Each structure stands twice: as C-alpha cells, then as structure tokens.
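Written below as structure tokens is the structure these notes are about.
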Amino acid sequence: MRRLPLTALAAVVGCLGLCASGVHGRVEKQVPGDPYTVGYSARGLVIDGEPRVLTAGAIHYPRSTPDMWDSLMKKAKRGGLNTIDTYVFWNMHERVKHTYDFATDRANLPLFLETARNNGLFVVLRIGPYVCAEWNYGGFP
C-alpha cells in the first residue's frame, strides 16, 4: 500500500474542509431563471447560490413511451442521479419542413421536462441539431 505524504494528506483534508463548509469562491456570473438561478464560480456550477455537482444519466425520450418516463426518472433518482441528459431529436419534431410537433406521444418534450421537474431532477437539454446516439441521420430533420 502506498502512503500519502503528510503535505498531500493535509491538502486533501483542507480541501474537504473547504467543500464541507460551503466555500466555493466568488460567483462569477448568475442568470436568474424559473425555478433556479444558475451561475458559476472559479470552482464550478452554482445553483441557487449553492455549489452543485451534476450527476447525470441519459434518458432519450423517443426511445420510451410517456407512460414509462416517470418510472425511469424515479429509478434514476433512487440510483443517485440528480440530472437527466437528453438530446432534442429534431427529425421527430419536424417531420414536415416548418411544421413542428412537441405534443404528441413520444414527441411530447414539454411533458418529459415536466416529469423531470416533478421528480426533482435537473435536465441537460442538448438542443443539437446533431444527435450522436445511433439515431437515423443524426437527428437532422
């Protein structure tokens, strides 16, 4: 077993102390929003004034039915995640040029986002246009 030098151990303990005490540096930029104010400091992401680490897993909403979304998100939360990551699949939302569908069945992105919110999960919404998820034509409409 390799031993840490005393100075390295002190640095780790010091860092843990700073993290535990909530010291996260000066907030560089904040954007007020609903329901969260999001910003960043030199040390990372700040949500509602608190440093946050996003622990994310992907749920691609078109690959499951709306009836499954709540259950999938509950399982993700029980598994320790606080964030859902998903692409916007434009070729599903714009099957006909300049005609958009965000309301029917698996294309109901607002319902997907609301389900995440109801489960207390953040969402990283990857608006594309390219989808790197083994999706036909990369998701281009």
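Chain labels run A, B, ... following the order of the structure tokens; each chain numbers its residues from 1, and ligands are numbered from 1 in the order shown.
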Give me, as a Markdown table, the closest atom pair and its distance (Å, one decimal) for every residue of range 78-107 of chain A within a cut-off of 6 Å of range 116-130 of chain A, counting only C-alpha atoms, rows sorted by chain and rising number.
```
| residue | atom | partner | partner_atom | distance |
| --- | --- | --- | --- | --- |
| A:Asn82 | CA | A:Leu121 | CA | 5.1 |
| A:Thr83 | CA | A:Phe122 | CA | 4.4 |
| A:Ile84 | CA | A:Val123 | CA | 4.8 |
| A:Asp85 | CA | A:Val124 | CA | 4.7 |
| A:Thr86 | CA | A:Leu125 | CA | 5.5 |
| A:Tyr87 | CA | A:Arg126 | CA | 4.5 |
| A:Val88 | CA | A:Ile127 | CA | 5.0 |
```
DSSP strand (DSSP E or B) residues within range 16-122 of chain A, listed as a ChimeraX atom specification: /A:27-31,38-41,44-47,50-51,56-58,83-87,96,99,122
One-decimal distance in Å that lies between CA of Leu111 in chain A and CA of Pro35 in chain A: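 CA of Pro35 in chain A sits 16.4 Å away from CA of Leu111 in chain A.
CA of Pro110 in chain A lies 21.7 Å from CA of Val31 in chain A.
Once Thr65 in chain A and its same-chain neighbours fewer than 2 positions away are set aside, Ile59, His60, Tyr61, Pro62, Arg63, Asp67, Met68, Trp69, Asp70, Ser71, Leu72, Thr104, Asp105, Arg106, Ala107, Asn108, Leu109, Leu111 and Phe112 of chain A remain within 12 Å of it when counting only C-alpha atoms.
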Who sits within 10 Å of Glu28 in chain A, only C-alpha atoms, same chain under 2 positions skipped, as a ChimeraX atom specification: /A:25-26,30,39-44,46
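With distances restricted to only C-alpha atoms, A:Phe89 is the closest residue to Cys132 in chain A from A:Val38, A:Arg95, A:Phe89, A:Glu114.
With CA of Ala76 in chain A on one side and CA of Leu45 in chain A on the other, the separation reads 21.2 Å.
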Helix (DSSP H, G or I) residues, from DSSP on the backbone, in range 4-113 of chain A, as a ChimeraX atom specification: /A:6-21,61-63,66-78,90-93,105-107,109-113
Best match for closeness to Ala103 in chain A among A:Gly79, A:Pro66, A:Lys74, A:Glu50, counting only C-alpha atoms: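 Among A:Gly79, A:Pro66, A:Lys74, A:Glu50, it is A:Pro66 that comes nearest to Ala103 in chain A.
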Using only C-alpha atoms: which of A:His98, A:Asn91, A:Met73, A:Gly49 has the shortest distance to Thr37 in chain A: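 Closest residue, counting only C-alpha atoms: A:Gly49.
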